[in-house]
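Report on the following structure.
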Amino acid sequence: MLSKKPYTAIILLPFALSASQTTFAETESISLDELVIQTSRSNTKKDDSPQVITVITRQQIEDQLSISSDSSQVLSSLLPAYAPNTQKLNDSSQSFRGRSVLYMIDGVPQSNPLRDGSRAAHTIDLAMVERIEVIHGASAIHGLGATGGIINFITKSNRSNELKQHVDVQLTTPTDELKSDSLAYKIGYQVEGAQDNFDYLVGLTNEVQGVYLDADGDYVGSDSTRGDTMDSKSYDAFVKLGYWLTDDQRLELEVNKYRLKGRMNFTGVNGDRSNGVPTSSIKSTPRGLAPYNDVQTTSLAYTDSDLDGMELKAQVFHQDFEGRYGATNSGSFQDSSIAPSGTLYDQSQNQSEKIGAKFSLTKDDLLDNDLSVTAGLDLLQDTTSQTLILTNRTYVPETEYTNYAPFVQFEYRPTDRLVLQAGARNEHAKLDVDTYQTVAANNSVTVNGGKPSFSDTVYNAGAVFKITPAVSVFANYSEGFGMPDVGRILRTVKGANYDVDTLIDLDPVVTTNYEVGFRINKNTYDFEVSAYQSNTDLDSNVVPQDDIYIIERRKTEAHGLEASLGFQLNKDHRLQANYSYVQGKYDSNDDGKVDTKQTGANISPNRLVTSWNARWNDKLSSLLQVNHAFDRSFDDDELKFDGYTLVDASVGYKLPVGKMSVAVANVFNEDYFTYYSQSSVKTDDLYFKGRGRTVTLAYGLDF
């Protein structure tokens with residue numbers, strides 16, 4: 001019940017008044033000091049963070065969803081350091097600062113590092129999300145997988161003592177070559193309320209995507225193998241139930257069920273990369289069963305904000321992920337005992353089940369309120385496998401990963417101007433793999449099982465010095481802990497006499513991140529710039545070999561710069577510019593020195609994103625944004641990237657009943673190939689053009 005002492009009050013209320021939000025408060029003096037970052041786990045305020053942190057507000061999410069419902073597109077439009085959207089279900093190459101991203105929903109991990117199928121960016125409809133907290137750079141705050149950053153989707157919670165409902169509908173169409181099979185539509189419904197100590201929020205969405213058209217009005221190529229967001233159906237069912245045990249103690253249960261499945265109306269047709277001919281699509285039912293993502297995330301959280309003067313947070317969670325890929329006659333699927341070589345079609349399916357718990361205890365009034373200490377323990381069990389479902393073969397054996405990690409974080413304020421932070425996390429991890437046999441394409445060799453274990457401690461230390469109340473400098477050192485794509489390593493073993501215990505490729509990835517920066521937060525403008533260096537001696541990179549992909553372990557380095565500048569012209573108009581520059585190299589000859597540029601599979605293009613938000617009166621608002629990706633060259637000339645500029649615009653208008661919006665994506669109908677197609681792969685079947693201009697009409701009603 002909202003009359004209770006809400007544990008989220010200091011977190012949620014400031015976002016409704018943030019100067020960086022696209023709806024503006026009537027007051028012109030807005031303090032950003034109260035922006036508490038939930039993902040930090042230690043009540044860190046945004047201005048006190050020695051790392052760059054971006055908070056994407058609900059209004060910003062809604063602005064982007066009026067243009068595109070693709071969660072990856074929303075992130076790409078707001079985070080230049082996040083690689084451009086592939087416009088496919090497959091999010092391969094969508095790195096962050098040249099490293100892997102840990103996706104989470106309210107702290108529950110969504111990424112699947114043991115068998116990375118590049119599907120983790122599509123596990124929730126953003127209609128269910130209140131805000132997105134993004135930590136830039138390596139971090140061990142939440143453990144496995146955050147070598148490049150953390151993207152945490154914070155879901156909505158009830159805000160009303162009364163019953164409130166919302167319904168919205170949305171229709172998207174291309175502007176040229178109008179075709180019924182290229183239309184997309186979406187409907188959503190939410191209800192929330194409270195009764196005594198109990199509160200609830202329920203959300204439902206259903207979406208149908210048609211085939212995409214490029215700038216010439218031609219069908220965009222269908223990714224029949226890896227999966228596609230176009231020509232698909234999806235739904236999301238979300239439930240959050242809360243109960244106040246006392247004014248300080250709250251119990252919260254949430255369940256999110258998300259499913260996106262191909263409609264199987266189009267089949268991809270190979271292009272001709274050498275002659276600039278894109279992959280296309282024809283109306284035809286692809287082979288096999290429909291690709292899909294099917295994800296259920298369940299979490300039960302308990303919070304006590306006054307446990308003998310401390311704050312206790314406890315969470316248990318379960319995530320069940322299933323990702324099916326399309327049928328193909330890949331060389332790695334061939335088995336002459338089943339069918340003649342080259343004729344056998346099969347399709348793989350990833351399954352991953354995570355069970356875990358997170359506990360933290362914070363004491364923030366030590367040493368006359370100058371010292372805050374957070375201690376905790378994380379537990380995780382991840383069971384992952386990959387099967388070939390048409391022939392019922394094991395492709396990746398069931399792999400069980402267990403991990404426990406105690407951690408401690410300190411925040412100390414020796415003076416009003418200086419904030420010091422430091423922490424350590426002790427990772428204890430073990431893999432358990434039974435004896436298995438590889439598929440025929442890898443010689444059907446028997447690999448003896450094993451239980452390799454790892455133990456490592458990762459550290460972080462940082463400082464923020466406030467030159468004035470509005471001007472500060474910061475510096476940070478942090479380490480991230482990750483695993484290589486274990487499943488891909490296990491399935492590609494070809495030689496005899498191997499066992500899991502001695503496969504050095506199973507060693508973990510530990511990434512170090514150095515960062516320095518400067519930030520200003522004024523009433524009329526804000527500015528932040530940071531430079532970073534990210535290194536690891538044993539990275540995990542996917543590289544093609546013959547007709548399959550394998551993992552290469554090698555030393556890599558990445559460095560870059562990020563900058564953001566915002567002007568609050570007045571309470572109704574805001575200009576924003578964000579820039580990201582990144583370079584990366586790896587050691588190609590094992591001499592201990594990086595010498596070769598990383599490709600688009602790991603490094604994003606340098607990007608500049610600008611926007612203008614305006615509220616013209618109480619009824620009319622608008623957004624104009626420009627996203628420019630700069631050219632990039634690689635040591636391999638075939639992967640040269642020709643940059644492009646995309647312009648999007650939207651207008652919202654409050655009607656006597658409800659609100660409507662009109663949005664145009666790719667206003668100038670830019671004709672381009674996606675970054676993924678140009679710079680990550682060189683095959684004719686994955687040479688995709690980007691989507692042409694579209695118009696989206698939407699209407700929403702609160703009642």
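Note on naming: chains are A, B, ... as they come in the structure tokens, residues start from 1 per chain, ligands start from 1 in the order shown.
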
Taking the backbone alone, and naming residues the way the document does, which bits of segment 377-570 of chain A are alpha helix (DSSP H) by DSSP, as a ChimeraX atom specification? /A:486-491

Using only C-alpha atoms, determine which residues lie at most 6 Å from segment 586-589 of chain A, disregarding the query and same-chain residues fewer than 3 positions distant; provide the list as a PyMOL selection string. chain A and resi 555-556+593-596

Mind running segment 546-626 of chain A against segment 136-149 of chain A at 12 Å and telling me each contacting residue's nearest atom pair with the distance in Å (one decimal), counting only C-alpha atoms, chain and number ascending, as JSON lines?
{"residue": "A:Glu557", "atom": "CA", "partner": "A:Gly148", "partner_atom": "CA", "distance": 12.0}
{"residue": "A:Ala558", "atom": "CA", "partner": "A:Gly148", "partner_atom": "CA", "distance": 10.3}
{"residue": "A:His559", "atom": "CA", "partner": "A:Gly137", "partner_atom": "CA", "distance": 10.8}
{"residue": "A:Gly560", "atom": "CA", "partner": "A:Gly137", "partner_atom": "CA", "distance": 10.8}
{"residue": "A:Leu561", "atom": "CA", "partner": "A:His136", "partner_atom": "CA", "distance": 11.4}
{"residue": "A:Glu562", "atom": "CA", "partner": "A:His136", "partner_atom": "CA", "distance": 9.8}
{"residue": "A:Ser580", "atom": "CA", "partner": "A:His136", "partner_atom": "CA", "distance": 11.7}
{"residue": "A:Asn602", "atom": "CA", "partner": "A:Gly148", "partner_atom": "CA", "distance": 10.7}
{"residue": "A:Ile603", "atom": "CA", "partner": "A:Gly148", "partner_atom": "CA", "distance": 11.2}

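When only C-alpha atoms are used to measure the gap to Ser157 of chain A, the shortest distance among A:Tyr401, A:Tyr103, A:Trp244, A:Tyr200 belongs to A:Tyr200.
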
Do you know which residues are at most 8 Å from Ser611 of chain A counting only C-alpha atoms, after dropping those on the same chain fewer than 4 positions away, and could you put them as a list in words?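 The residues satisfying every condition are Leu575, Gln576, Ala577, Leu623, Leu624, Gln625 and Val626 of chain A.
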
When you count only C-alpha atoms, which of these residues is closest to Ser222 of chain A: A:Ile282, A:Ile124, A:Ala301, A:Leu379? A:Ile282

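Using only C-alpha atoms, the nearest neighbour of Arg519 of chain A within the list A:Asn369, A:Ser234, A:Ser472, A:Thr502 is A:Ser472.
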
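Taking only C-alpha atoms into account, Pro174 of chain A lies nearest to A:Ala215 out of the set A:Leu701, A:Ala215, A:Ile150, A:Leu289.
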
Residues near Pro84 of chain A, cut-off 8 Å, only C-alpha atoms, skip fewer than 2 positions along chain, as a ChimeraX atom specification: /A:73,76,82,86,94,604,674-676

What would the file look like if the residues just selected were written as a compact mmCIF listing (two decimals), in the first residue's frame with N, CA, C and O atoms?
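Final output, saved to part-v2.txt:
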# COMPACT_ATOMS: atom_id res chain seq x y z
N GLN A 73 16.82 -2.02 -30.63
CA GLN A 73 16.81 -0.73 -31.30
C GLN A 73 16.69 0.41 -30.29
O GLN A 73 17.32 1.46 -30.44
N SER A 76 20.11 0.81 -28.74
CA SER A 76 21.06 1.37 -29.70
C SER A 76 20.81 2.85 -29.93
O SER A 76 21.76 3.62 -30.13
N TYR A 82 26.78 1.12 -27.32
CA TYR A 82 26.15 -0.17 -27.60
C TYR A 82 26.06 -0.32 -29.11
O TYR A 82 25.59 0.58 -29.81
N THR A 86 21.02 -5.29 -34.92
CA THR A 86 21.11 -6.16 -36.09
C THR A 86 19.79 -6.23 -36.86
O THR A 86 19.75 -6.69 -37.98
N GLN A 94 26.35 -7.27 -31.02
CA GLN A 94 25.88 -6.13 -30.24
C GLN A 94 26.65 -6.05 -28.92
O GLN A 94 26.13 -6.32 -27.84
N SER A 604 32.07 -1.97 -32.02
CA SER A 604 31.01 -1.20 -32.68
C SER A 604 31.62 -0.03 -33.44
O SER A 604 32.77 0.36 -33.19
N THR A 674 23.22 -3.20 -42.83
CA THR A 674 23.45 -3.12 -41.39
C THR A 674 24.93 -3.32 -41.05
O THR A 674 25.68 -3.92 -41.82
N TYR A 675 25.30 -2.80 -39.90
CA TYR A 675 26.69 -2.93 -39.45
C TYR A 675 27.08 -4.40 -39.31
O TYR A 675 28.17 -4.81 -39.71
N TYR A 676 26.18 -5.18 -38.76
CA TYR A 676 26.43 -6.62 -38.61
C TYR A 676 26.75 -7.27 -39.95
O TYR A 676 27.70 -8.04 -40.07

Name all residues at most 12 Å from Pro109 of chain A (count only C-alpha atoms; drop same-chain ones fewer than 5 positions away) and give them as JSON, numbers by chain. {"A": [101, 102, 103, 104, 120, 121, 123, 142, 143, 144, 145, 146, 150, 151, 152, 153, 295, 296, 297, 298, 299, 316, 317, 318, 319, 320, 321, 352, 353, 354, 355, 356, 357, 358, 378, 379, 380, 381, 382]}

Those selected residues, please, written with N, CA and C atoms and delivered as a compact mmCIF listing (two decimals), in the first residue's frame.
# COMPACT_ATOMS: atom_id res chain seq x y z
N VAL A 101 27.85 -7.97 -22.81
CA VAL A 101 26.91 -7.30 -21.93
C VAL A 101 26.22 -8.34 -21.05
N LEU A 102 26.03 -8.00 -19.79
CA LEU A 102 25.18 -8.81 -18.92
C LEU A 102 23.80 -8.16 -18.89
N TYR A 103 22.82 -8.83 -19.50
CA TYR A 103 21.44 -8.35 -19.46
C TYR A 103 20.77 -8.93 -18.21
N MET A 104 19.97 -8.10 -17.55
CA MET A 104 19.25 -8.56 -16.37
C MET A 104 17.83 -7.98 -16.38
N ALA A 120 19.99 -12.97 -25.91
CA ALA A 120 19.66 -12.46 -24.58
C ALA A 120 19.03 -11.07 -24.59
N ALA A 121 19.11 -10.35 -25.71
CA ALA A 121 18.54 -9.00 -25.76
C ALA A 121 17.03 -9.02 -25.94
N THR A 123 14.17 -10.79 -24.18
CA THR A 123 13.57 -11.64 -23.15
C THR A 123 12.43 -10.95 -22.42
N HIS A 142 27.42 -8.00 -10.13
CA HIS A 142 26.44 -9.07 -10.25
C HIS A 142 27.04 -10.36 -10.81
N GLY A 143 28.36 -10.42 -10.91
CA GLY A 143 28.99 -11.68 -11.27
C GLY A 143 29.09 -11.96 -12.74
N LEU A 144 28.86 -13.21 -13.10
CA LEU A 144 29.18 -13.78 -14.40
C LEU A 144 28.65 -12.97 -15.57
N GLY A 145 29.55 -12.56 -16.49
CA GLY A 145 29.13 -12.05 -17.77
C GLY A 145 29.29 -10.57 -18.02
N ALA A 146 29.57 -9.77 -17.00
CA ALA A 146 29.59 -8.32 -17.19
C ALA A 146 30.99 -7.81 -17.48
N ILE A 150 26.67 -3.66 -17.74
CA ILE A 150 25.44 -4.25 -17.25
C ILE A 150 24.26 -3.44 -17.77
N ILE A 151 23.27 -4.11 -18.32
CA ILE A 151 22.01 -3.48 -18.72
C ILE A 151 20.91 -4.16 -17.91
N ASN A 152 20.36 -3.42 -16.96
CA ASN A 152 19.38 -3.96 -16.02
C ASN A 152 18.01 -3.34 -16.30
N PHE A 153 17.06 -4.17 -16.73
CA PHE A 153 15.70 -3.70 -16.98
C PHE A 153 14.93 -3.72 -15.66
N VAL A 295 10.99 -17.49 -22.87
CA VAL A 295 11.72 -17.19 -21.64
C VAL A 295 10.73 -16.91 -20.51
N GLN A 296 10.96 -17.54 -19.38
CA GLN A 296 10.19 -17.22 -18.18
C GLN A 296 11.14 -16.85 -17.06
N THR A 297 10.90 -15.68 -16.47
CA THR A 297 11.72 -15.17 -15.38
C THR A 297 10.85 -15.01 -14.14
N THR A 298 11.25 -15.62 -13.04
CA THR A 298 10.50 -15.56 -11.79
C THR A 298 11.42 -15.09 -10.68
N SER A 299 10.92 -14.19 -9.84
CA SER A 299 11.75 -13.64 -8.77
C SER A 299 10.89 -13.38 -7.54
N VAL A 316 15.47 -14.59 -4.39
CA VAL A 316 15.66 -15.90 -5.01
C VAL A 316 15.01 -15.82 -6.39
N PHE A 317 15.60 -16.51 -7.38
CA PHE A 317 15.08 -16.37 -8.74
C PHE A 317 15.24 -17.66 -9.52
N HIS A 318 14.47 -17.71 -10.60
CA HIS A 318 14.53 -18.83 -11.53
C HIS A 318 14.32 -18.27 -12.93
N GLN A 319 15.15 -18.69 -13.87
CA GLN A 319 14.98 -18.28 -15.26
C GLN A 319 15.07 -19.50 -16.14
N ASP A 320 14.06 -19.67 -16.98
CA ASP A 320 14.02 -20.81 -17.91
C ASP A 320 14.04 -20.24 -19.32
N PHE A 321 15.13 -20.52 -20.04
CA PHE A 321 15.31 -19.99 -21.39
C PHE A 321 15.35 -21.13 -22.40
N SER A 352 18.51 -23.40 -21.26
CA SER A 352 19.29 -22.97 -20.11
C SER A 352 18.34 -22.69 -18.94
N GLU A 353 18.66 -23.28 -17.80
CA GLU A 353 17.87 -23.05 -16.60
C GLU A 353 18.78 -22.50 -15.51
N LYS A 354 18.38 -21.35 -14.97
CA LYS A 354 19.16 -20.71 -13.92
C LYS A 354 18.35 -20.68 -12.63
N ILE A 355 18.98 -21.08 -11.55
CA ILE A 355 18.40 -20.97 -10.21
C ILE A 355 19.43 -20.25 -9.36
N GLY A 356 19.00 -19.23 -8.64
CA GLY A 356 19.99 -18.48 -7.88
C GLY A 356 19.38 -17.69 -6.74
N ALA A 357 20.25 -17.05 -6.00
CA ALA A 357 19.84 -16.21 -4.88
C ALA A 357 20.87 -15.10 -4.70
N LYS A 358 20.39 -13.94 -4.23
CA LYS A 358 21.26 -12.80 -3.96
C LYS A 358 20.90 -12.23 -2.60
N ASP A 378 26.19 -14.14 -3.39
CA ASP A 378 25.42 -14.53 -4.56
C ASP A 378 25.61 -16.03 -4.81
N LEU A 379 24.52 -16.68 -5.17
CA LEU A 379 24.53 -18.10 -5.50
C LEU A 379 23.90 -18.30 -6.86
N LEU A 380 24.48 -19.18 -7.67
CA LEU A 380 23.94 -19.42 -9.01
C LEU A 380 24.22 -20.84 -9.45
N GLN A 381 23.20 -21.46 -10.03
CA GLN A 381 23.38 -22.72 -10.74
C GLN A 381 22.76 -22.57 -12.11
N ASP A 382 23.57 -22.78 -13.14
CA ASP A 382 23.14 -22.63 -14.54
C ASP A 382 23.35 -23.97 -15.23
